[in-house]
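Novice: Before I ask anything, let me first share the structure, which is written out below as structure tokens.
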Protein chains: 2
Amino acid sequence: MKKILNQPAHYVDEMLEGMILAHPDIYAQPSRRVVARAGGAAEGQVGIVSGGGSGHLPVFTGYVGEGFLSACAVGDVFASPSAEQMAEAIRLADRGKGVLCLYGNYGGDVMNFDMACEMVDLENDISTSTVLLTDDVVSAPRSEAAKRRGVGGMVFAFKIAGAAADEGLDLAGVTAAAQKAADNLVSIGMALTPCIIPQHGKPTFELGENEMEMGMGIHGERGIYRSAIKTADEIADEMLDQLVSDQPLEAGARIALLVNSLGATRKRSFISFTAVSGPGSTLSG
Amino acid sequence: MKKILNQPAHYVDEMLEGMILAHPDIYAQPSRRVVARAGGAAEGQVGIVSGGGSGHLPVFTGYVGEGFLSACAVGDVFASPSAEQMAEAIRLADRGKGVLCLYGNYGGDVMNFDMACEMVDLENDISTSTVLLTDDVVSAPRSEAAKRRGVGGMVFAFKIAGAAADEGLDLAGVTAAAQKAADNLVSIGMALTPCIIPQHGKPTFELGENEMEMGMGIHGERGIYRSAIKTADEIADEMLDQLVSDQPLEAGARIALLVNSLGATRKRSFISFTAVSGPGSTLSG
């Protein structure tokens with residue numbers, strides 16, 4: 001395992017410590033593995049909270065800040081944070097206007113966020129809403145789009161929901177803006193190399209020396225096929241074809257396209273294409 | 001070779017084409033492998049030009065833009081651009097106030113930039129000055145600091161020289177600001193994996209499965225030792241010790257620290273530490 005680390009078990013906490021030491025004007029850690037804005041959540045605004053496993057930086061933690069998230073709950077690498085951590089993030093985000101929980105559609109996260117929302121409703125009388133990101137087009141067919149996983153699209157959803165909160169929309173308005181973004185987001189990933197979870201120290205699967213996998217998920221979830229490495233043009237064409245066939249575009253539609261790596265302690269050869277339609281486009285949703 | 005590419009021979013030109021298509025408001029390519037600001041060099045200001053081989057993005061090309069470089073000449077991967085390309089970059093940067101050539105201390109680049117400066121002096125009557133970046137502390141002892149190579153420090157030098165030009169300083173003033181930055185910059189790199197030049201397709205050297213190399217240069221130049229991979233804390237301590245012993249700091253000195261990867265078509269496990277002293281510090285130079 002070629003990673004620059006100390007004790008693998010300390011990786012997540014040291015990563016958070018480093019983020020906060022480097023950017024004390026942006027991030028604060030009011031309790032263990034809960035990151036909030038340094039200056040606290042914005043007064044008079046709806047709060048926005050996300051959360052999920054570590055190992056995907058800058059998602060999710062890095063997006064805490066002005067115009068983005070109010071707070072974030074952080075789990076171990078590829079593992080959901082606890083409901084109690086999520087409830088604490090919601091409490092920190094609340095300024096009396098309610099809190100939107102905006103995160104990727106993964107079983108553990110959904111279960112724990114649902115529990116956290118019940119906790120803050122009962123214990124703190126905080127209103128919450130939930131929008132799940134389901135942008136990974138190859139993780140389930142469109143007819144079962146609610147089963148899809150969330151990947152790079154959440155960056156756009158954080159930005160759009162953050163802008164709606166900054167404009168003073170109420171919880172229903174911020175939730176509707178985030179849901180509209182979620183409905184118009186499509187992503188696809190591909191990989192040249194496997195993931196290595198620091199505490200395991202070994203790849204979670206193998207890819208041959210000249211092999212790629214199309215459609216791989218953010219935790220190394222199986223994609224749609226393996227083949228010899230194709231050219232950059234072929235890979236880009238295929239990925240864009242998958243996105244456009246899932247969310248057909250009319251001529252003149254305006255979209256935003258994000259090409260990113262899927263994040264790792266050492267950069268993996270994962271890339272992801274994400275497209276989101278602009279307000280003037282003809283995408284559904 | 002696990003890289004997402006088309007024809008390796010087309011990599012540099014396609015990379016430039018992509019940069020300019022993605023950011024037409026920032027970059028323009030007035031002639032082959034010469035990148036300039038989209039709006040042209042700033043009127044009434046000293047121009048700043050850099051150049052060097054490809055394979056180090058965002059250095060050098062990415063730093064063309066407001067407050068940074070006026071233009072840049074781009075070579076093949078790890079190969080100097082030609083004197084004619086450099087002369088063209090200087091011509092594009094010139095607004096009658098002269099041009100600073102600010103680049104890393106590599107033999108081919110120095111030879112070609114010297115030739116380019118003679119060409120534009122004779123053919124275009126453009127005044128030029130030169131500042132070489134020599135921040136890599138392990139590439140030669142301090143007693144032979146002029147032989148050192150330039151690495152991550154050039155980012156600070158570009159920014160500092162760009163600010164001096166924006167403030168309206170003349171060529172001597174911008175050159176002095178850049179030289180003061182260069183004199184106060186120290187960097188060190190380390191690597192877990194070798195470089196693969198796309199057109200060669202094979203690693204330029206081997207590193208064992210549990211091996212790291214301390215002090216490696218930006219093209220894979222030999223470092224100071226190889227060992228089993230150390231912990232993050234040990235690596236950071238050693239790298240900072242090397243920098244501070246080269247440029248001693250007094251208590252209360254203000255420095256800027258940059259931790260970066262050394263860049264590749266696929267991110268390599270190279271990191272580099274660079275420190276530059278602030279105006280109030282007690283570093284020499």
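Residue numbers start at 1 in each chain; chains themselves are named A, B, ... in the order of the structure tokens; ligands are numbered from 1 in the order shown.
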Please identify every residue of chain A that has at least one atom no more than 9 Å from any atom of chain B, counting only C-alpha atoms, and report them as a list of chain:residue names.

Specialist: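 Taking only C-alpha atoms into account, A:Met1, A:Lys2, A:Lys3, A:Ile4, A:Leu5, A:Asn6, A:Gln7, A:Leu192, A:Thr193, A:Glu209, A:Asn210, A:Glu211, A:Met212, A:Ile229, A:Lys230, A:Thr231, A:Ala232, A:Asp233, A:Glu234, A:Ile235, A:Arg266, A:Lys267, A:Arg268, A:Ser269 sit within 9 Å of chain B.
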
Novice: Might you pull out every residue within 10 Å of Asp25 (chain B), with only C-alpha atoms counted and same-chain residues fewer than 3 positions away left off, and present them as a list in words?

Specialist: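 Skipping anything fewer than 3 positions along the chain leaves Ile20, Leu21, Ala22, Ala28, Arg37, Ala38, Gly39 and Gly65 of chain B.
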
Novice: Write out, as an mmCIF file, in the first residue's frame, the residues just selected, with N, CA and C atoms.

Specialist:
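File produced: out.cif:
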data_model
loop_
_atom_site.group_PDB
_atom_site.id
_atom_site.type_symbol
_atom_site.label_atom_id
_atom_site.label_comp_id
_atom_site.auth_asym_id
_atom_site.auth_seq_id
_atom_site.Cartn_x
_atom_site.Cartn_y
_atom_site.Cartn_z
ATOM 1 N N ILE B 20 -7.621 25.622 -23.554
ATOM 2 C CA ILE B 20 -8.123 26.844 -24.201
ATOM 3 C C ILE B 20 -9.617 26.733 -24.482
ATOM 4 N N LEU B 21 -10.083 25.529 -24.836
ATOM 5 C CA LEU B 21 -11.530 25.335 -25.018
ATOM 6 C C LEU B 21 -12.283 25.482 -23.695
ATOM 7 N N ALA B 22 -11.679 24.998 -22.613
ATOM 8 C CA ALA B 22 -12.361 25.061 -21.312
ATOM 9 C C ALA B 22 -12.345 26.477 -20.737
ATOM 10 N N ALA B 28 -5.202 31.999 -24.560
ATOM 11 C CA ALA B 28 -5.233 31.985 -26.020
ATOM 12 C C ALA B 28 -3.927 31.351 -26.500
ATOM 13 N N ARG B 37 -2.285 35.453 -22.645
ATOM 14 C CA ARG B 37 -3.557 35.820 -22.028
ATOM 15 C C ARG B 37 -4.600 36.055 -23.116
ATOM 16 N N ALA B 38 -5.830 35.662 -22.846
ATOM 17 C CA ALA B 38 -6.901 35.808 -23.837
ATOM 18 C C ALA B 38 -7.028 37.261 -24.287
ATOM 19 N N GLY B 39 -6.892 38.187 -23.374
ATOM 20 C CA GLY B 39 -7.051 39.598 -23.718
ATOM 21 C C GLY B 39 -5.740 40.278 -24.103
ATOM 22 N N GLY B 65 -2.123 34.398 -16.973
ATOM 23 C CA GLY B 65 -3.383 35.033 -16.577
ATOM 24 C C GLY B 65 -3.132 36.275 -15.745
#

Novice: Which is closest to Met15 (chain B) among B:Ser227, B:Val186, B:Glu66, B:Gly75, if we use only C-alpha atoms?

Specialist: B:Gly75

Novice: For CA of Val131 (chain A) and CA of Phe156 (chain A), quote the distance in Å rounded to one decimal.

Specialist: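 Those two atoms sit 13.2 Å apart.
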
Novice: Interatomic distance between CA of Asn105 (chain A) and CA of Thr204 (chain A)?

Specialist: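 For CA of Asn105 (chain A) relative to CA of Thr204 (chain A), the distance reads 21.2 Å.
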
Novice: Would you give me, as a ChimeraX atom specification, the residues in region 30-139 of chain B that DSSP reads as strand (DSSP E)?

Specialist: /B:30-31,34-37,47-54,71-77,99-104,128-133

Novice: For C-alpha atoms, I'd like the residues from the last selection saved as a PDB file, in the first residue's frame.

Specialist:
ATOM      1  CA  PRO B  30      -1.558  32.746 -30.816  1.00  0.00           C
ATOM      2  CA  SER B  31       1.026  30.363 -32.278  1.00  0.00           C
ATOM      3  CA  VAL B  34       2.811  29.480 -27.144  1.00  0.00           C
ATOM      4  CA  VAL B  35       0.074  30.374 -24.656  1.00  0.00           C
ATOM      5  CA  ALA B  36      -0.849  34.011 -23.964  1.00  0.00           C
ATOM      6  CA  ARG B  37      -3.557  35.820 -22.028  1.00  0.00           C
ATOM      7  CA  GLY B  47       5.607  41.494 -19.276  1.00  0.00           C
ATOM      8  CA  ILE B  48       6.441  38.219 -17.537  1.00  0.00           C
ATOM      9  CA  VAL B  49       7.218  35.087 -19.515  1.00  0.00           C
ATOM     10  CA  SER B  50       7.973  31.525 -18.478  1.00  0.00           C
ATOM     11  CA  GLY B  51       8.421  28.271 -20.312  1.00  0.00           C
ATOM     12  CA  GLY B  52       9.634  24.724 -20.079  1.00  0.00           C
ATOM     13  CA  GLY B  53       8.717  21.139 -20.803  1.00  0.00           C
ATOM     14  CA  SER B  54       5.199  19.760 -20.466  1.00  0.00           C
ATOM     15  CA  ALA B  71       2.748  34.354 -21.882  1.00  0.00           C
ATOM     16  CA  CYS B  72       4.428  30.940 -21.803  1.00  0.00           C
ATOM     17  CA  ALA B  73       6.340  28.711 -24.229  1.00  0.00           C
ATOM     18  CA  VAL B  74       5.510  25.009 -23.997  1.00  0.00           C
ATOM     19  CA  GLY B  75       7.769  22.067 -24.907  1.00  0.00           C
ATOM     20  CA  ASP B  76       7.225  18.338 -25.268  1.00  0.00           C
ATOM     21  CA  VAL B  77       6.986  16.315 -22.062  1.00  0.00           C
ATOM     22  CA  VAL B  99       9.888  41.504 -20.327  1.00  0.00           C
ATOM     23  CA  LEU B 100      11.107  39.400 -17.400  1.00  0.00           C
ATOM     24  CA  CYS B 101      11.951  35.763 -18.237  1.00  0.00           C
ATOM     25  CA  LEU B 102      11.206  33.796 -15.051  1.00  0.00           C
ATOM     26  CA  TYR B 103      11.749  30.039 -15.188  1.00  0.00           C
ATOM     27  CA  GLY B 104      13.364  26.982 -13.638  1.00  0.00           C
ATOM     28  CA  THR B 128      14.579  41.556 -21.258  1.00  0.00           C
ATOM     29  CA  SER B 129      15.825  40.405 -17.882  1.00  0.00           C
ATOM     30  CA  THR B 130      16.161  36.898 -16.436  1.00  0.00           C
ATOM     31  CA  VAL B 131      15.530  35.369 -13.010  1.00  0.00           C
ATOM     32  CA  LEU B 132      16.183  31.641 -12.568  1.00  0.00           C
ATOM     33  CA  LEU B 133      14.299  29.621  -9.965  1.00  0.00           C
TER      34      LEU B 133
END
